[in-house]
Every structure is written in structure tokens, then in C-alpha cells.
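Below is one structure, written out as C-alpha cells; the observations come after it.
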Amino acid sequence: MFVNTILVSHLNYNTEPCNKSGNTMIKKSLQEVRERLDEEVSKRNSLDELHLSRPDPIMPAREHHDEYISLICALFGYGRADSIIKFLYSLDFNLLDASEDEMEKTLLPYYYRFQNAQDVIAIFKTLSRLKKVDTLENIFYNGYKENHDVLSGLNSVMASMHNVNSYESRGYNFLVGKEIVKTKGNSAMKRWMMYLRWMVRHDNIDMGLWSKVDKKDLIMPLDTHTFNVSKRLGLLQRKSYDLEAALELTATLRSFDKDDPIKYDFALYRIGQEKLG
């Protein structure tokens, strides 16, 4: 198995004292992890990874190549992968350009986990209204551009969503998220970070629909699969599953590839999802 082939030597250095020799062992072990991850990235960067036997929410998004449709796919991207795909493929994304009366009429039977029909209707209304204001890339860029800060960019988008639709509920608030004011103890914002990966990076998996944001600034979309695998590989020391952990993991991966640290996300996710770790 992928992790077990390097886990023994990797765990050994964790028991070493923090001295020069220990630091050398850490570097050697992380180098081995990097080499194996690079192999996985190359192997996983294929459309063969995207099919119904191994579903991923990017699948319906790729069929439309639209930033607003992709955001719906990302925000509903929690839970069992097969349930996510089933729900997303049942949606008529043309409703984003329809009247709100039509949205209400068509989406009334729809619900997904924490989101009831009114929540589903509300997210379509929100994004339909926002679509008439500006592109999501421009809205994100307004917050991001000064310091190349992804979190400020996300706050800009979430604030704009609230400005066009003040609707609130438990399910809707979970779907959209709230302003990021801290990293420790805060949600890892996995679905938003995954969306940014789709929009900014361009390879055989990610769409790269945006051009104004640098992929080196992206933050790891941390879910439980990636969190657990990263801890086992020694890429992550933080015990809490939060945004601070996502930033720590991103910093480690940036030492592997400073220009594209998030290229490792899909491979790490698949390793955890397929229980190879």
C-alpha cells in the first residue's frame, strides 16, 4: 500500500530527538514522501480518474465549464461521493438563467442532506442574482488582489452573496459558510478551497477557468481523508481538523512545489478515499 511502503521509516524519525541527525532524517523522509506523491500526482492526473465507479463533484462541473455552476457543485460537495453526484446530476443548471418563480416551482421537490427545498432554491436565487452583477472571478479578485490573500477573496465572495440575498437558515448557512475571521478552530473551508482549485489550476482534472489568481496562493482543500493520510505521512502535525491545519499542510506541500502546492490534493484525496493509507 502507498502509505505503508514508506510509513515505517517515516515513523522512526518521529521518535528521534530533535537534533541535527534527527533533522536530517526528517528531510530524508519527507523527500521520500515527495517523490512518491509526485508519482501519484502524475498517475492521477487523468480523466480515467473521473467516472461513476469513483465519483467526484468535479464531474458535473466539467460538463458545463461555468464558474457559477461549478460553485453549486463544490458547495454541495459533502457527504458520500455517490450521493453528491446523484444529486448534482438531478439539477437543471439552466435555472440560473430562469425567473425566480420558475426556480421555486422546479426546485420545490429538491433537498440534499442538511439543505431543504428552500435552501436549494435560495442558493440558485443567490447565484442567479450575483451572476447579473459580475463574474465570480472579479468578485473574488477584489478581495484577493491587494495581498494575494485567498481568505480575503473568499470573504469578498461570501459578502457579495449575502448582499444579494439575506436569506438564512441552518442548511443554507452551512452550505455558504461565513466570514473567515480566524484560522484556529475555524472550518477548513474544504468545499470553497476545492472550488478555487478547480477554477485556478489547469490540468487534466482541474478546469482553470480563472486567470487572475495565482495557483501558488491556493490553500489545501482539507477533508477527513486528506487530513488522516497527511498525518500518517508526517506532512501534518496539527491534531485539530481546522483551517489552521489546512494552512500547515499547504506550507509543507509548498516546500515540495512552491509554484503549485495544491497539485497534490487530488492524489492525497484519492489515497485516503480508496483506503490506500
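Scheme for the C-alpha cells: letters A, B, ... for chains in order shown; per-chain residue numbers from 1; ligand numbers from 1 in order shown.
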Exercise. Please identify all polymer residues within 10 Å of Ser160 (chain A), counting only C-alpha atoms, omitting same-chain residues fewer than 5 positions from it, and present them as a ChimeraX atom specification.
Key: /A:126-127,130,133,136,139-140,154-155,165
Residue subset to file, keeping C-alpha atoms, as an mmCIF file, in the first residue's frame:
```cif
data_model
loop_
_atom_site.group_PDB
_atom_site.id
_atom_site.type_symbol
_atom_site.label_atom_id
_atom_site.label_comp_id
_atom_site.auth_asym_id
_atom_site.auth_seq_id
_atom_site.Cartn_x
_atom_site.Cartn_y
_atom_site.Cartn_z
ATOM 1 C CA THR A 126 -28.338 33.994 -4.826
ATOM 2 C CA LEU A 127 -26.068 32.921 -7.646
ATOM 3 C CA LEU A 130 -24.898 37.613 -8.409
ATOM 4 C CA VAL A 133 -23.726 41.748 -11.041
ATOM 5 C CA LEU A 136 -17.206 35.312 -9.510
ATOM 6 C CA ILE A 139 -15.667 39.456 -7.073
ATOM 7 C CA PHE A 140 -13.023 37.139 -5.627
ATOM 8 C CA LEU A 154 -13.429 34.222 -0.243
ATOM 9 C CA ASN A 155 -14.747 36.787 2.222
ATOM 10 C CA ASN A 165 -29.758 37.546 -0.765
#
```
How close does region 149-248 of chain A get to region 63-69 of chain A? List, as CSV, each residue of region 149-248 of chain A within 9 Å, its nearest atom pair and the distance in Å to one decimal, counting only C-alpha atoms.
```
residue,atom,partner,partner_atom,distance
A:Tyr195,CA,A:Glu67,CA,9.0
A:Met199,CA,A:Glu67,CA,7.2
A:Met207,CA,A:His65,CA,7.1
A:Leu209,CA,A:Glu67,CA,7.1
A:Trp210,CA,A:Glu67,CA,8.5
```
Take the residues from that selection and put them in a file with C-alpha atoms, as a PDB file, in the first residue's frame.
```
ATOM      1  CA  TYR A 195     -13.719  25.248  -5.859  1.00  0.00           C
ATOM      2  CA  MET A 199     -11.049  27.466 -11.070  1.00  0.00           C
ATOM      3  CA  MET A 207     -10.578  23.377 -15.326  1.00  0.00           C
ATOM      4  CA  LEU A 209     -11.400  28.944 -15.787  1.00  0.00           C
ATOM      5  CA  TRP A 210      -9.823  31.887 -13.956  1.00  0.00           C
TER       6      TRP A 210
END
```
Self-check item: DSSP helix (DSSP H, G or I) residues within region 123-242 of chain A, listed as a count of residues only
Solution: 63
Spatial neighbours of region 252-265 of chain A, 8 Å, only C-alpha atoms, chain gap at least 3 places, as a PDB file with N, CA and C atoms, in the first residue's frame:
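Output contents, as saved in part-v9.pdb:
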```pdb
ATOM      1  N   ARG A  34       7.727  13.046  -0.846  1.00  0.00           N
ATOM      2  CA  ARG A  34       7.541  13.904  -2.017  1.00  0.00           C
ATOM      3  C   ARG A  34       7.688  13.108  -3.309  1.00  0.00           C
ATOM      4  N   LEU A  37       4.642  10.977  -3.785  1.00  0.00           N
ATOM      5  CA  LEU A  37       3.474  11.803  -4.108  1.00  0.00           C
ATOM      6  C   LEU A  37       3.547  12.325  -5.542  1.00  0.00           C
ATOM      7  N   ASP A  38       4.744  12.699  -5.981  1.00  0.00           N
ATOM      8  CA  ASP A  38       4.891  13.161  -7.366  1.00  0.00           C
ATOM      9  C   ASP A  38       4.477  12.056  -8.344  1.00  0.00           C
ATOM     10  N   VAL A  41       0.672  11.977  -8.260  1.00  0.00           N
ATOM     11  CA  VAL A  41       0.107  13.121  -8.980  1.00  0.00           C
ATOM     12  C   VAL A  41       0.109  12.851 -10.470  1.00  0.00           C
ATOM     13  N   ARG A 197      -9.434  25.458  -6.375  1.00  0.00           N
ATOM     14  CA  ARG A 197      -8.542  24.564  -7.122  1.00  0.00           C
ATOM     15  C   ARG A 197      -9.075  24.328  -8.521  1.00  0.00           C
ATOM     16  N   LYS A 215      -1.945  30.187  -8.739  1.00  0.00           N
ATOM     17  CA  LYS A 215      -2.141  28.889  -8.086  1.00  0.00           C
ATOM     18  C   LYS A 215      -1.211  28.680  -6.890  1.00  0.00           C
ATOM     19  N   LYS A 216      -0.125  29.433  -6.826  1.00  0.00           N
ATOM     20  CA  LYS A 216       0.789  29.293  -5.691  1.00  0.00           C
ATOM     21  C   LYS A 216       0.166  29.794  -4.397  1.00  0.00           C
ATOM     22  N   LEU A 218      -3.013  29.245  -3.470  1.00  0.00           N
ATOM     23  CA  LEU A 218      -4.144  28.423  -3.056  1.00  0.00           C
ATOM     24  C   LEU A 218      -3.865  27.692  -1.747  1.00  0.00           C
ATOM     25  N   ILE A 219      -4.944  27.329  -1.052  1.00  0.00           N
ATOM     26  CA  ILE A 219      -4.865  26.612   0.223  1.00  0.00           C
ATOM     27  C   ILE A 219      -5.436  25.217   0.035  1.00  0.00           C
ATOM     28  N   MET A 220      -4.833  24.261   0.679  1.00  0.00           N
ATOM     29  CA  MET A 220      -5.232  22.867   0.536  1.00  0.00           C
ATOM     30  C   MET A 220      -6.692  22.661   0.933  1.00  0.00           C
ATOM     31  N   PRO A 221      -7.482  22.017   0.061  1.00  0.00           N
ATOM     32  CA  PRO A 221      -8.860  21.648   0.421  1.00  0.00           C
ATOM     33  C   PRO A 221      -8.821  20.434   1.356  1.00  0.00           C
ATOM     34  N   THR A 226      -7.941  13.455   3.484  1.00  0.00           N
ATOM     35  CA  THR A 226      -6.641  14.105   3.303  1.00  0.00           C
ATOM     36  C   THR A 226      -5.985  14.384   4.646  1.00  0.00           C
ATOM     37  N   LEU A 235       3.127  14.814   7.032  1.00  0.00           N
ATOM     38  CA  LEU A 235       3.017  16.109   6.357  1.00  0.00           C
ATOM     39  C   LEU A 235       2.311  17.135   7.233  1.00  0.00           C
ATOM     40  N   LEU A 236       1.648  16.646   8.254  1.00  0.00           N
ATOM     41  CA  LEU A 236       0.801  17.494   9.091  1.00  0.00           C
ATOM     42  C   LEU A 236       0.937  17.048  10.539  1.00  0.00           C
ATOM     43  N   GLU A 248      -1.187  24.688   7.520  1.00  0.00           N
ATOM     44  CA  GLU A 248       0.048  23.972   7.845  1.00  0.00           C
ATOM     45  C   GLU A 248       0.400  22.966   6.746  1.00  0.00           C
ATOM     46  N   LEU A 249      -0.601  22.229   6.306  1.00  0.00           N
ATOM     47  CA  LEU A 249      -0.363  21.248   5.245  1.00  0.00           C
ATOM     48  C   LEU A 249       0.061  21.939   3.954  1.00  0.00           C
ATOM     49  N   LEU A 268      -3.771  12.950  -2.870  1.00  0.00           N
ATOM     50  CA  LEU A 268      -3.929  12.656  -1.451  1.00  0.00           C
ATOM     51  C   LEU A 268      -5.368  12.268  -1.120  1.00  0.00           C
ATOM     52  N   TYR A 269      -6.302  12.968  -1.747  1.00  0.00           N
ATOM     53  CA  TYR A 269      -7.713  12.657  -1.515  1.00  0.00           C
ATOM     54  C   TYR A 269      -8.045  11.239  -1.970  1.00  0.00           C
TER      55      TYR A 269
END
```
Exercise. Run DSSP on the backbone of this structure and report the residues of region 76-262 of chain A it assigns to strand (DSSP E or B), as a PyMOL selection string.
Key: chain A and resi 112+115+202+207
Closest pair table for region 150-171 of chain A residues within 9 Å of region 106-124 of chain A, only C-alpha atoms, as JSON lines:
```
{"residue": "A:Asn165", "atom": "CA", "partner": "A:Ala122", "partner_atom": "CA", "distance": 7.9}
{"residue": "A:Tyr167", "atom": "CA", "partner": "A:Ala122", "partner_atom": "CA", "distance": 7.0}
{"residue": "A:Glu168", "atom": "CA", "partner": "A:Asp119", "partner_atom": "CA", "distance": 8.4}
{"residue": "A:Ser169", "atom": "CA", "partner": "A:Asp119", "partner_atom": "CA", "distance": 7.4}
{"residue": "A:Arg170", "atom": "CA", "partner": "A:Phe114", "partner_atom": "CA", "distance": 7.7}
{"residue": "A:Gly171", "atom": "CA", "partner": "A:Gln115", "partner_atom": "CA", "distance": 4.6}
```
If you keep N, CA and C atoms, can you produce a file of those selected residues as a PDB file, in the first residue's frame?
```
ATOM      1  N   ASN A 165     -28.707  38.388  -1.338  1.00  0.00           N
ATOM      2  CA  ASN A 165     -29.758  37.546  -0.765  1.00  0.00           C
ATOM      3  C   ASN A 165     -29.504  37.381   0.731  1.00  0.00           C
ATOM      4  N   TYR A 167     -31.262  35.760   2.821  1.00  0.00           N
ATOM      5  CA  TYR A 167     -31.867  34.519   3.326  1.00  0.00           C
ATOM      6  C   TYR A 167     -30.888  33.788   4.242  1.00  0.00           C
ATOM      7  N   GLU A 168     -31.404  33.270   5.347  1.00  0.00           N
ATOM      8  CA  GLU A 168     -30.588  32.487   6.256  1.00  0.00           C
ATOM      9  C   GLU A 168     -31.366  31.293   6.778  1.00  0.00           C
ATOM     10  N   SER A 169     -30.674  30.201   6.978  1.00  0.00           N
ATOM     11  CA  SER A 169     -31.202  29.017   7.643  1.00  0.00           C
ATOM     12  C   SER A 169     -30.004  28.172   8.027  1.00  0.00           C
ATOM     13  N   ARG A 170     -30.210  27.179   8.841  1.00  0.00           N
ATOM     14  CA  ARG A 170     -29.106  26.306   9.233  1.00  0.00           C
ATOM     15  C   ARG A 170     -28.481  25.640   8.012  1.00  0.00           C
ATOM     16  N   GLY A 171     -29.326  25.106   7.144  1.00  0.00           N
ATOM     17  CA  GLY A 171     -28.821  24.412   5.965  1.00  0.00           C
ATOM     18  C   GLY A 171     -28.123  25.333   4.986  1.00  0.00           C
TER      19      GLY A 171
END
```
Quiz item: Separation of CA of Met189 (chain A) and CA of Thr224 (chain A), in Å?
Solution: 12.1 Å
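When only C-alpha atoms are used to measure the gap to Ala251 (chain A), the shortest distance among A:Val213, A:Glu274, A:Ser152, A:Gln237 belongs to A:Gln237.
Rounded to one decimal, CA of Asp82 (chain A) and CA of Met59 (chain A) lie 11.4 Å from each other.
Coordinates place CA of His225 (chain A) at a distance of 8.2 Å from CA of Arg270 (chain A).
Taking only C-alpha atoms into account, Cys73 (chain A) lies nearest to A:Lys86 out of the set A:Lys86, A:Lys182, A:Arg44, A:His51.
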Quick one: everything within 10 Å of Asn45 (chain A), counting only C-alpha atoms, minus sequence neighbours fewer than 6 positions away in the same chain. Send it as a PDB file with N, CA and C atoms, in the first residue's frame.
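The resulting file, out-v9.pdb, is shown below:
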```
ATOM      1  N   ASP A 203      -5.240  21.370 -15.454  1.00  0.00           N
ATOM      2  CA  ASP A 203      -4.578  20.144 -15.878  1.00  0.00           C
ATOM      3  C   ASP A 203      -5.657  19.218 -16.423  1.00  0.00           C
ATOM      4  N   ASN A 204      -5.425  17.929 -16.391  1.00  0.00           N
ATOM      5  CA  ASN A 204      -6.425  17.008 -16.935  1.00  0.00           C
ATOM      6  C   ASN A 204      -7.646  16.846 -16.030  1.00  0.00           C
ATOM      7  N   ILE A 205      -7.541  17.301 -14.788  1.00  0.00           N
ATOM      8  CA  ILE A 205      -8.650  17.247 -13.843  1.00  0.00           C
ATOM      9  C   ILE A 205      -9.267  18.632 -13.649  1.00  0.00           C
ATOM     10  N   ASP A 206      -8.453  19.592 -13.242  1.00  0.00           N
ATOM     11  CA  ASP A 206      -8.934  20.934 -12.926  1.00  0.00           C
ATOM     12  C   ASP A 206      -9.129  21.774 -14.183  1.00  0.00           C
ATOM     13  N   LYS A 263      -1.310  20.906  -6.177  1.00  0.00           N
ATOM     14  CA  LYS A 263      -1.366  19.837  -7.172  1.00  0.00           C
ATOM     15  C   LYS A 263      -1.444  18.466  -6.511  1.00  0.00           C
ATOM     16  N   PHE A 266      -5.609  16.197  -5.183  1.00  0.00           N
ATOM     17  CA  PHE A 266      -6.438  15.130  -5.736  1.00  0.00           C
ATOM     18  C   PHE A 266      -5.823  13.760  -5.445  1.00  0.00           C
ATOM     19  N   ALA A 267      -4.491  13.668  -5.535  1.00  0.00           N
ATOM     20  CA  ALA A 267      -3.821  12.400  -5.256  1.00  0.00           C
ATOM     21  C   ALA A 267      -3.980  12.009  -3.794  1.00  0.00           C
TER      22      ALA A 267
END
```
